[in-house]
Each structure stands twice: as structure tokens, then as C-alpha cells.
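A.B. asks: What follows is coords36.cif; its format and atoms are mmCIF, C-alpha atoms.
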data_input
loop_
_atom_site.group_PDB
_atom_site.id
_atom_site.type_symbol
_atom_site.label_atom_id
_atom_site.label_comp_id
_atom_site.auth_asym_id
_atom_site.auth_seq_id
_atom_site.Cartn_x
_atom_site.Cartn_y
_atom_site.Cartn_z
ATOM 1 C CA MET A 196 0.000 0.000 0.000
ATOM 2 C CA PHE A 197 3.067 2.237 0.137
ATOM 3 C CA ASP A 198 4.407 4.196 -2.801
ATOM 4 C CA GLU A 199 6.875 7.059 -3.268
ATOM 5 C CA HIS A 200 4.212 9.614 -2.312
ATOM 6 C CA THR A 201 3.221 7.989 1.007
ATOM 7 C CA ARG A 202 4.117 10.144 4.006
ATOM 8 C CA THR A 203 5.842 8.278 6.809
ATOM 9 C CA VAL A 204 8.647 8.769 9.337
ATOM 10 C CA SER A 205 11.783 9.200 7.220
ATOM 11 C CA TYR A 206 15.435 10.100 7.683
ATOM 12 C CA ASP A 207 16.850 12.693 5.271
ATOM 13 C CA ALA A 208 20.044 10.890 4.273
ATOM 14 C CA CYS A 209 21.064 13.596 1.772
ATOM 15 C CA ARG A 210 21.193 16.107 4.585
ATOM 16 C CA GLY A 211 22.390 13.845 7.416
ATOM 17 C CA GLU A 212 25.187 11.865 5.724
ATOM 18 C CA PRO A 213 28.022 11.380 6.221
ATOM 19 C CA ARG A 214 27.477 11.131 9.962
ATOM 20 C CA ALA A 215 30.149 12.511 12.220
ATOM 21 C CA ASN A 216 30.629 13.176 15.891
ATOM 22 C CA ARG A 217 30.340 16.893 16.620
ATOM 23 C CA ARG A 218 33.964 17.126 17.746
ATOM 24 C CA LYS A 219 35.334 15.139 14.802
ATOM 25 C CA GLY A 220 33.137 16.643 12.111
ATOM 26 C CA ASP A 221 34.269 18.975 9.366
ATOM 27 C CA ALA A 222 32.753 21.036 6.576
ATOM 28 C CA ASN A 223 31.881 17.883 4.626
ATOM 29 C CA SER A 224 30.008 16.224 7.492
ATOM 30 C CA GLY A 225 26.228 15.878 7.455
ATOM 31 C CA ASP A 226 23.866 17.217 10.085
ATOM 32 C CA CYS A 227 23.588 13.837 11.875
ATOM 33 C CA ILE A 228 26.034 13.814 14.805
ATOM 34 C CA ASP A 229 25.491 10.072 15.356
ATOM 35 C CA CYS A 230 24.250 10.535 18.911
ATOM 36 C CA GLY A 231 22.032 7.432 18.666
ATOM 37 C CA LEU A 232 19.172 9.089 20.557
ATOM 38 C CA CYS A 233 16.709 8.235 17.793
ATOM 39 C CA VAL A 234 17.438 4.530 18.330
ATOM 40 C CA GLN A 235 17.243 4.810 22.124
ATOM 41 C CA VAL A 236 13.733 6.329 22.125
ATOM 42 C CA CYS A 237 12.333 3.977 19.469
ATOM 43 C CA PRO A 238 9.766 1.630 21.104
ATOM 44 C CA VAL A 239 10.578 -1.159 18.622
ATOM 45 C CA GLY A 240 14.352 -0.634 18.700
ATOM 46 C CA ILE A 241 15.013 0.123 15.024
ATOM 47 C CA ASP A 242 17.371 2.670 13.506
ATOM 48 C CA ILE A 243 15.312 4.895 11.233
ATOM 49 C CA ARG A 244 18.535 6.009 9.551
ATOM 50 C CA ASP A 245 18.698 2.582 7.876
ATOM 51 C CA GLY A 246 15.552 3.426 5.924
ATOM 52 C CA LEU A 247 11.878 2.509 6.176
ATOM 53 C CA GLN A 248 11.350 -0.769 8.030
ATOM 54 C CA ALA A 249 8.288 -2.949 8.566
ATOM 55 C CA ALA A 250 8.628 -2.734 12.365
ATOM 56 C CA CYS A 251 8.255 1.078 12.359
ATOM 57 C CA ILE A 252 4.918 2.152 13.871
ATOM 58 C CA ASP A 253 5.185 5.821 12.827
ATOM 59 C CA CYS A 254 4.992 7.003 16.447
ATOM 60 C CA GLY A 255 7.293 9.987 15.801
ATOM 61 C CA ALA A 256 9.404 9.532 18.964
ATOM 62 C CA CYS A 257 12.601 9.632 16.908
ATOM 63 C CA ILE A 258 11.434 12.898 15.298
ATOM 64 C CA ASP A 259 11.051 14.619 18.679
ATOM 65 C CA ALA A 260 14.398 13.296 19.899
ATOM 66 C CA CYS A 261 16.260 14.369 16.758
ATOM 67 C CA ASP A 262 14.651 17.832 16.704
ATOM 68 C CA SER A 263 15.750 18.418 20.301
ATOM 69 C CA VAL A 264 19.341 17.497 19.368
ATOM 70 C CA MET A 265 19.292 19.694 16.261
ATOM 71 C CA LYS A 266 18.122 22.594 18.385
ATOM 72 C CA ARG A 267 21.038 22.122 20.807
ATOM 73 C CA VAL A 268 23.628 22.010 18.006
ATOM 74 C CA ASP A 269 22.108 24.990 16.162
ATOM 75 C CA ARG A 270 21.014 23.047 13.101
ATOM 76 C CA PRO A 271 17.595 23.078 11.401
ATOM 77 C CA ALA A 272 14.963 20.678 12.689
ATOM 78 C CA GLY A 273 13.468 18.065 10.394
ATOM 79 C CA LEU A 274 16.428 15.758 9.819
ATOM 80 C CA ILE A 275 13.932 13.029 10.713
ATOM 81 C CA ARG A 276 10.385 14.008 9.792
ATOM 82 C CA PHE A 277 7.100 12.869 8.295
ATOM 83 C CA THR A 278 7.686 13.080 4.563
ATOM 84 C CA ALA A 279 7.508 11.081 1.345
ATOM 85 C CA GLU A 280 10.270 9.385 -0.605
ATOM 86 C CA ALA A 281 9.565 11.645 -3.572
ATOM 87 C CA GLU A 282 10.232 14.739 -1.436
ATOM 88 C CA LEU A 283 13.490 13.276 -0.070
ATOM 89 C CA GLN A 284 14.639 12.818 -3.659
ATOM 90 C CA GLY A 285 13.957 16.473 -4.412
ATOM 91 C CA GLY A 286 10.579 16.087 -6.093
ATOM 92 C CA GLY A 287 7.065 16.925 -5.034
ATOM 93 C CA SER A 288 4.554 14.749 -3.212
ATOM 94 C CA ARG A 289 1.014 14.459 -4.552
ATOM 95 C CA PHE A 290 -1.736 13.862 -2.026
ATOM 96 C CA LEU A 291 -4.478 13.072 -4.556
ATOM 97 C CA ARG A 292 -3.432 10.160 -6.766
ATOM 98 C CA PRO A 293 -5.196 7.194 -8.459
ATOM 99 C CA ARG A 294 -4.109 4.657 -5.845
ATOM 100 C CA LEU A 295 -5.480 6.742 -2.982
ATOM 101 C CA ALA A 296 -8.734 7.290 -4.864
ATOM 102 C CA GLY A 297 -8.996 3.521 -5.404
ATOM 103 C CA TYR A 298 -8.478 2.795 -1.700
ATOM 104 C CA GLY A 299 -11.075 5.435 -0.836
ATOM 105 C CA ALA A 300 -13.589 3.865 -3.214
ATOM 106 C CA VAL A 301 -13.022 0.381 -1.741
ATOM 107 C CA MET A 302 -13.455 1.723 1.808
ATOM 108 C CA LEU A 303 -16.640 3.549 0.801
ATOM 109 C CA VAL A 304 -18.125 0.393 -0.746
ATOM 110 C CA ALA A 305 -17.161 -1.689 2.308
ATOM 111 C CA PHE A 306 -18.623 0.868 4.731
ATOM 112 C CA SER A 307 -21.835 1.076 2.673
ATOM 113 C CA ALA A 308 -22.166 -2.725 2.699
ATOM 114 C CA VAL A 309 -21.744 -2.856 6.475
ATOM 115 C CA LEU A 310 -24.252 -0.024 6.959
ATOM 116 C CA TYR A 311 -26.739 -1.758 4.683
ATOM 117 C CA GLY A 312 -26.265 -4.986 6.642
ATOM 118 C CA PHE A 313 -27.190 -3.220 9.885
ATOM 119 C CA THR A 314 -30.230 -1.449 8.438
ATOM 120 C CA ASP A 315 -31.639 -4.281 6.287
ATOM 121 C CA THR A 316 -32.472 -6.692 9.098
ATOM 122 C CA THR A 317 -34.282 -10.002 8.546
ATOM 123 C CA GLN A 318 -37.735 -10.133 10.099
ATOM 124 C CA LEU A 319 -38.447 -13.759 9.215
ATOM 125 C CA LEU A 320 -35.625 -16.269 8.814
ATOM 126 C CA ILE A 321 -36.710 -19.323 6.822
ATOM 127 C CA GLU A 322 -34.906 -22.629 6.314
ATOM 128 C CA ILE A 323 -36.240 -25.537 4.274
ATOM 129 C CA ARG A 324 -34.675 -28.985 3.992
ATOM 130 C CA ARG A 325 -35.806 -31.919 1.927
ATOM 131 C CA ASP A 326 -36.369 -35.145 3.827
ATOM 132 C CA ARG A 327 -33.169 -37.189 4.029
ATOM 133 C CA GLY A 328 -35.006 -40.434 3.378
ATOM 134 C CA ALA A 329 -36.741 -41.182 0.083
ATOM 135 C CA LEU A 330 -36.459 -38.534 -2.622
ATOM 136 C CA PHE A 331 -40.160 -38.933 -3.339
ATOM 137 C CA THR A 332 -43.088 -41.148 -2.411
ATOM 138 C CA ARG A 333 -45.567 -42.377 -4.994
ATOM 139 C CA LEU A 334 -49.050 -42.761 -3.507
ATOM 140 C CA ASP A 335 -50.726 -44.030 -6.663
ATOM 141 C CA GLU A 336 -50.351 -43.906 -10.409
ATOM 142 C CA HIS A 337 -51.144 -40.190 -10.534
ATOM 143 C CA THR A 338 -49.909 -38.805 -7.199
ATOM 144 C CA VAL A 339 -46.339 -38.285 -5.952
ATOM 145 C CA CYS A 340 -45.299 -36.602 -2.689
ATOM 146 C CA ASN A 341 -42.136 -34.985 -1.278
ATOM 147 C CA ASN A 342 -41.406 -34.495 2.413
ATOM 148 C CA TYR A 343 -39.781 -31.346 3.836
ATOM 149 C CA ARG A 344 -38.691 -29.932 7.163
ATOM 150 C CA VAL A 345 -39.309 -26.215 7.720
ATOM 151 C CA LYS A 346 -37.856 -23.885 10.340
ATOM 152 C CA VAL A 347 -39.120 -20.332 10.931
ATOM 153 C CA GLU A 348 -37.516 -17.737 13.218
ATOM 154 C CA GLY A 349 -39.200 -14.401 13.929
ATOM 155 C CA PHE A 350 -37.276 -11.267 14.885
ATOM 156 C CA VAL A 351 -40.110 -8.759 15.316
ATOM 157 C CA GLU A 352 -41.437 -8.004 18.782
ATOM 158 C CA GLY A 353 -45.017 -9.228 19.210
ATOM 159 C CA GLN A 354 -44.794 -11.443 16.139
ATOM 160 C CA GLN A 355 -46.538 -14.730 16.953
ATOM 161 C CA LEU A 356 -48.548 -16.431 14.182
ATOM 162 C CA VAL A 357 -47.053 -17.135 10.743
ATOM 163 C CA ASP A 358 -49.267 -18.370 7.892
ATOM 164 C CA VAL A 359 -47.752 -21.021 5.608
ATOM 165 C CA SER A 360 -48.784 -21.704 2.009
ATOM 166 C CA ILE A 361 -47.237 -22.672 -1.320
ATOM 167 C CA ALA A 362 -47.188 -20.859 -4.633
ATOM 168 C CA GLY A 363 -47.567 -22.599 -7.961
ATOM 169 C CA ASP A 364 -50.225 -24.197 -10.095
ATOM 170 C CA ASP A 365 -53.189 -26.088 -8.671
ATOM 171 C CA GLN A 366 -51.608 -29.506 -9.061
ATOM 172 C CA PHE A 367 -49.554 -28.970 -5.860
ATOM 173 C CA GLU A 368 -51.124 -29.458 -2.440
ATOM 174 C CA LEU A 369 -49.521 -28.671 0.919
ATOM 175 C CA PHE A 370 -50.016 -30.926 3.940
ATOM 176 C CA GLY A 371 -48.947 -29.726 7.360
ATOM 177 C CA SER A 372 -49.743 -26.935 9.771
ATOM 178 C CA GLY A 373 -51.080 -23.928 7.885
ATOM 179 C CA GLN A 374 -50.088 -21.645 10.753
ATOM 180 C CA ILE A 375 -46.954 -21.684 12.911
ATOM 181 C CA ASP A 376 -47.159 -20.356 16.448
ATOM 182 C CA LEU A 377 -43.753 -18.792 17.103
ATOM 183 C CA ALA A 378 -44.435 -18.742 20.844
ATOM 184 C CA GLU A 379 -44.223 -22.540 20.785
ATOM 185 C CA ASN A 380 -42.298 -23.415 17.633
ATOM 186 C CA ASN A 381 -39.837 -20.576 17.047
ATOM 187 C CA ALA A 382 -36.718 -22.081 15.415
ATOM 188 C CA SER A 383 -38.228 -25.592 15.551
ATOM 189 C CA TRP A 384 -38.096 -27.978 12.587
ATOM 190 C CA LEU A 385 -41.654 -28.863 11.509
ATOM 191 C CA PRO A 386 -42.653 -31.609 9.022
ATOM 192 C CA TYR A 387 -44.490 -30.736 5.794
ATOM 193 C CA ARG A 388 -45.520 -32.728 2.750
ATOM 194 C CA ILE A 389 -46.288 -31.526 -0.769
ATOM 195 C CA CYS A 390 -48.150 -33.764 -3.178
ATOM 196 C CA ALA A 391 -48.685 -33.316 -6.905
ATOM 197 C CA ARG A 392 -51.037 -35.025 -9.356
ATOM 198 C CA ASP A 393 -50.200 -35.879 -12.952
ATOM 199 C CA LEU A 394 -46.849 -34.089 -12.902
ATOM 200 C CA LYS A 395 -45.200 -34.892 -16.221
ATOM 201 C CA ARG A 396 -41.840 -33.246 -15.490
ATOM 202 C CA PRO A 397 -39.168 -35.140 -13.506
ATOM 203 C CA SER A 398 -38.754 -32.109 -11.232
ATOM 204 C CA ALA A 399 -40.393 -28.783 -10.508
ATOM 205 C CA LYS A 400 -39.877 -25.694 -8.383
ATOM 206 C CA VAL A 401 -42.154 -25.090 -5.415
ATOM 207 C CA THR A 402 -42.168 -21.927 -3.323
ATOM 208 C CA PHE A 403 -43.195 -21.771 0.318
ATOM 209 C CA ASN A 404 -44.837 -18.472 1.286
ATOM 210 C CA PHE A 405 -44.810 -17.186 4.865
ATOM 211 C CA SER A 406 -46.705 -14.173 6.173
ATOM 212 C CA ALA A 407 -47.175 -12.607 9.593
ATOM 213 C CA GLY A 408 -49.207 -9.442 9.282
ATOM 214 C CA SER A 409 -47.197 -6.938 7.235
ATOM 215 C CA VAL A 410 -44.134 -9.200 7.221
ATOM 216 C CA ALA A 411 -43.793 -11.685 4.377
ATOM 217 C CA ALA A 412 -41.079 -14.019 3.128
ATOM 218 C CA SER A 413 -40.739 -16.853 0.636
ATOM 219 C CA LYS A 414 -38.345 -19.733 0.072
ATOM 220 C CA ALA A 415 -38.053 -21.988 -2.962
ATOM 221 C CA SER A 416 -37.247 -25.692 -3.032
ATOM 222 C CA THR A 417 -37.198 -28.549 -5.499
ATOM 223 C CA PHE A 418 -39.997 -31.055 -6.001
ATOM 224 C CA LEU A 419 -38.984 -34.417 -7.462
ATOM 225 C CA ALA A 420 -41.469 -36.614 -9.309
ATOM 226 C CA HIS A 421 -39.139 -39.118 -10.988
ATOM 227 C CA SER A 422 -35.606 -40.372 -10.502
ATOM 228 C CA LEU A 423 -33.126 -38.130 -12.275
#
Please lay out the structure from this file as C-alpha cells.
C.D. replies:
Amino acid sequence: MFDEHTRTVSYDACRGEPRANRRKGDANSGDCIDCGLCVQVCPVGIDIRDGLQAACIDCGACIDACDSVMKRVDRPAGLIRFTAEAELQGGGSRFLRPRLAGYGAVMLVAFSAVLYGFTDTTQLLIEIRRDRGALFTRLDEHTVCNNYRVKVEGFVEGQQLVDVSIAGDDQFELFGSGQIDLAENNASWLPYRICARDLKRPSAKVTFNFSAGSVAASKASTFLAHSL
């Protein structure tokens, strides 16, 4: 995520090198007097003068220590400072750039998704499972049935009775409780059976409809009439 325009704690090597003790320095020496105070105050024990390192936490302790030393030796502050690699190399640093705009867009989408998740709450949670036994049961030459297990959870205060029905053409018929009392059967698996007459297709889609006052939900499942 770093590039040459990212601002971070940096040592100005062009200004600080070559390092020299104050007493042994000459006109060619850099501003760094090699006191080592920047290393001593670093909470992770790195030497920022060796360049950017993964362990650096950008706390700025080395900046404060170095500025205090520069003040005592009558040299300009900022030998260690928050800056970008491009500025250290004599160029300019751009704040607005495509990479930053891309990161901002990703963060905006992620934040919007989280916000939507908190606001768009589920009022009825429906789960439907086909019976684990026989795929279908043939009652007679014209009628075939499928067994299901249905679980309904309500998340609205005062919500108690949920009506159950199926959508589809008239050849499907639902057997089971037409109304679920959430006070007794909230999050309980209940048995249901759907039967169809003269279904020519090997499989069909059936949709369970659930309603509790102004709250409604639906869940689709597969109805099998022949072996696939």
C-alpha cells in the first residue's frame, strides 16, 4: 500500500550523511552527529537512519528526539520528519493520486455494505430442507409426494402467528400446519408434505410463502417426481 508519495517517518540521508561526531566533524560532514538518541527512544528498537522498516509504527518519537538534538547544536529541525520518498529525492509529493482514490472507493463500498447490513435486518428467517429419506413417495399412479422440514424464526417483537402456504399451479397441495405459532415453535423444525397429481416433469420448483401481518417471506425448493 506504500508508494513514493506515502508520508511516513523518514530520515533525510542527503542532509544527514556522512554522519560525524560533533567534535570530529568537518565542513563535509552531514547534520547527523550520530548521537544514537533516535534509536534509544524507538519503542521497537530500530534505527530509522537505515531506511523505512516494517517494524516502524510511525509514532514519531525519533522525530522529537532528533529535533531536540538539532536545536542544541544549532542546526535546522526536520532531519527526521514525516515526509515522502519523492520529497526526499527532491521532487514533489502528490496527495491526490489514483491509488489513494482507489483505496477510498473500496473503503466507501465496504462501509456502505456494512451499513446496509445493519439497516436491512431479517424479520423472518426461513430454512427448508428436503427429507433425508426417500427422494419422493408415490401414492398411486397419478400422485407423488415430497417431504420437507421447515424452520421459521421471527425477529419482530409481538410477532406470533405465521401463515404457511405454497405458490404454484393447482396440481400442488400442501399438507402440514397452515399456521406456525412462534411462541411454541420458534426455530423448531416442523414436518411438511407436498403432493402433486399428474406431474409430467421429472422435477419442478415449489415456493413456500410465509406471512405474519405486514411481514412476508418466501423460500423456494425442489420437487422431485421421478428419478433423475
A.B. asks: What's the 6 Å shell around Val204 in chain A, counting all atoms listed in the file, without same-chain residues fewer than 6 positions away, as a list in words?
C.D. replies: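 Within the cut-off, the hits are Asp253, Arg276 and Phe277 of chain A.
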A.B. asks: Could you list, as a PyMOL selection string, every residue matched by the PyMOL selection byres ((chain A and resi 281) around 12) in this structure?
C.D. replies: chain A and resi 198-203+205+207+278-280+282-290
A.B. asks: I'd like the residues picked by the PyMOL selection byres ((chain A and resi 374) around 6) written out as a ChimeraX atom specification, using the chain letters and numbers from the file.
C.D. replies: /A:357-359,372-373,375
A.B. asks: Hey, which of A:Pro397, A:Pro213, A:Gly255, A:Gly297 ends up closest to Thr417 in chain A? Count all atoms listed in the file.
C.D. replies: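 Smallest distance to Thr417 in chain A is found for A:Pro397.
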A.B. asks: Pull out every residue that the PyMOL selection byres ((chain A and resi 379-396) around 7) matches in the shown coordinates and put them as a PyMOL selection string.
C.D. replies: chain A and resi 337-349+366-371+375-378+397-399+420
A.B. asks: Take CA of Leu247 in chain A and CA of Phe197 in chain A and report the distance between them in Å, one decimal.
C.D. replies: 10.7 Å
A.B. asks: For Pro238 in chain A, find every residue with an atom within 9 Å (counting only C-alpha atoms), except residues of its own chain fewer than 5 positions away, and show them as a CSV table (one decimal) with C-alpha atoms, keeping the file's coordinate frame.
C.D. replies:
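Final output, saved to around06.csv:
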chain,number,residue,atom,x,y,z
A,251,CYS,CA,8.3,1.1,12.4
A,252,ILE,CA,4.9,2.2,13.9
A,254,CYS,CA,5.0,7.0,16.4
A,256,ALA,CA,9.4,9.5,19.0
A.B. asks: For range 269-271 of chain A, find every residue with an atom within 12 Å (counting all atoms listed in the file), except residues of its own chain fewer than 6 positions away, and show them as a list of chain:residue names.
C.D. replies: A:Arg210, A:Gly211, A:Arg217, A:Gly225, A:Asp226, A:Cys227, A:Ile228, A:Cys261, A:Asp262, A:Ser263
A.B. asks: Identify which of the residues A:Arg292, A:Ser406, A:Val239, A:Thr316 lies closest to Ile361 in chain A, counting all atoms listed in the file when measuring atom-to-atom distances.
C.D. replies: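 Selected residue with least distance to Ile361 in chain A: A:Ser406.
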A.B. asks: Dig up all the protein and nucleic acid residues within 12 Å of (22.1, 6.0, 17.9) in the file frame, using only C-alpha atoms, and format them as a short mmCIF file (atom, residue, chain, number, x, y, z; two decimals) with C-alpha atoms, in the frame of the given file.
C.D. replies:
data_model
loop_
_atom_site.label_atom_id
_atom_site.label_comp_id
_atom_site.auth_asym_id
_atom_site.auth_seq_id
_atom_site.Cartn_x
_atom_site.Cartn_y
_atom_site.Cartn_z
CA ARG A 214 27.48 11.13 9.96
CA ALA A 215 30.15 12.51 12.22
CA ASN A 216 30.63 13.18 15.89
CA CYS A 227 23.59 13.84 11.88
CA ILE A 228 26.03 13.81 14.80
CA ASP A 229 25.49 10.07 15.36
CA CYS A 230 24.25 10.54 18.91
CA GLY A 231 22.03 7.43 18.67
CA LEU A 232 19.17 9.09 20.56
CA CYS A 233 16.71 8.24 17.79
CA VAL A 234 17.44 4.53 18.33
CA GLN A 235 17.24 4.81 22.12
CA VAL A 236 13.73 6.33 22.12
CA CYS A 237 12.33 3.98 19.47
CA GLY A 240 14.35 -0.63 18.70
CA ILE A 241 15.01 0.12 15.02
CA ASP A 242 17.37 2.67 13.51
CA ILE A 243 15.31 4.89 11.23
CA ARG A 244 18.54 6.01 9.55
CA ASP A 245 18.70 2.58 7.88
CA CYS A 257 12.60 9.63 16.91
CA ALA A 260 14.40 13.30 19.90
CA CYS A 261 16.26 14.37 16.76
CA VAL A 264 19.34 17.50 19.37
#
A.B. asks: Kindly provide, as lines of an AutoDock Vina configuration file, the centre and edge lengths (Å, one decimal) of an axis-aligned box around all atoms of range 338-356 of chain A given in the file, with 8 Å on each side.
C.D. replies:
center_x = -43.6
center_y = -23.4
center_z = 6.0
size_x = 28.6
size_y = 46.8
size_z = 42.4
A.B. asks: If you measure from CA of Val351 in chain A to CA of Val309 in chain A, what distance in Å do you get, rounded to one decimal?
C.D. replies: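 Going from CA of Val351 in chain A over to CA of Val309 in chain A covers 21.2 Å.
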A.B. asks: What is the distance, in Å and to one decimal place, between CA of Arg325 in chain A and CA of Gln355 in chain A?
C.D. replies: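 These atoms are spaced 25.2 Å apart.
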A.B. asks: Select, from A:Ala329, A:Val301, A:Leu319, A:Leu356, the residue with the minimum atom-to-atom distance to Val410 in chain A, counting all atoms listed in the file.
C.D. replies: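 Distance minimum relative to Val410 in chain A lands on A:Leu319.
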A.B. asks: Reconstruct N, CA, C and O atoms of range 226-241 of chain A; output as a compact mmCIF listing (two decimals), in the coordinates of the input.
C.D. replies:
# COMPACT_ATOMS: atom_id res chain seq x y z
N ASP A 226 24.44 16.67 8.85
CA ASP A 226 23.87 17.22 10.09
C ASP A 226 23.74 16.17 11.19
O ASP A 226 23.65 16.52 12.36
N CYS A 227 23.72 14.87 10.85
CA CYS A 227 23.59 13.84 11.88
C CYS A 227 24.89 13.73 12.66
O CYS A 227 25.97 13.49 12.07
N ILE A 228 24.83 13.89 13.97
CA ILE A 228 26.03 13.81 14.80
C ILE A 228 26.19 12.42 15.41
O ILE A 228 27.04 12.21 16.28
N ASP A 229 25.39 11.47 14.94
CA ASP A 229 25.49 10.07 15.36
C ASP A 229 25.39 9.91 16.87
O ASP A 229 26.13 9.12 17.47
N CYS A 230 24.42 10.63 17.46
CA CYS A 230 24.25 10.54 18.91
C CYS A 230 23.51 9.26 19.32
O CYS A 230 23.59 8.83 20.47
N GLY A 231 22.76 8.66 18.39
CA GLY A 231 22.03 7.43 18.67
C GLY A 231 20.76 7.61 19.47
O GLY A 231 20.13 6.63 19.86
N LEU A 232 20.36 8.86 19.74
CA LEU A 232 19.17 9.09 20.56
C LEU A 232 17.90 8.60 19.85
O LEU A 232 16.97 8.13 20.50
N CYS A 233 17.90 8.69 18.54
CA CYS A 233 16.71 8.24 17.79
C CYS A 233 16.48 6.73 17.99
O CYS A 233 15.35 6.27 18.03
N VAL A 234 17.55 5.97 18.11
CA VAL A 234 17.44 4.53 18.33
C VAL A 234 17.01 4.25 19.77
O VAL A 234 16.20 3.37 20.05
N GLN A 235 17.54 5.04 20.72
CA GLN A 235 17.24 4.81 22.12
C GLN A 235 15.77 5.03 22.46
O GLN A 235 15.20 4.34 23.30
N VAL A 236 15.14 6.02 21.81
CA VAL A 236 13.73 6.33 22.12
C VAL A 236 12.75 5.50 21.31
O VAL A 236 11.55 5.51 21.59
N CYS A 237 13.24 4.75 20.33
CA CYS A 237 12.33 3.98 19.47
C CYS A 237 11.73 2.83 20.27
O CYS A 237 12.46 1.99 20.82
N PRO A 238 10.40 2.71 20.33
CA PRO A 238 9.77 1.63 21.10
C PRO A 238 9.98 0.24 20.52
O PRO A 238 9.83 -0.76 21.22
N VAL A 239 10.34 0.15 19.24
CA VAL A 239 10.58 -1.16 18.62
C VAL A 239 12.06 -1.39 18.36
O VAL A 239 12.44 -2.42 17.81
N GLY A 240 12.91 -0.44 18.74
CA GLY A 240 14.35 -0.63 18.70
C GLY A 240 14.99 -0.63 17.33
O GLY A 240 16.03 -1.25 17.13
N ILE A 241 14.41 0.07 16.36
CA ILE A 241 15.01 0.12 15.02
C ILE A 241 15.78 1.43 14.86
O ILE A 241 15.61 2.38 15.63
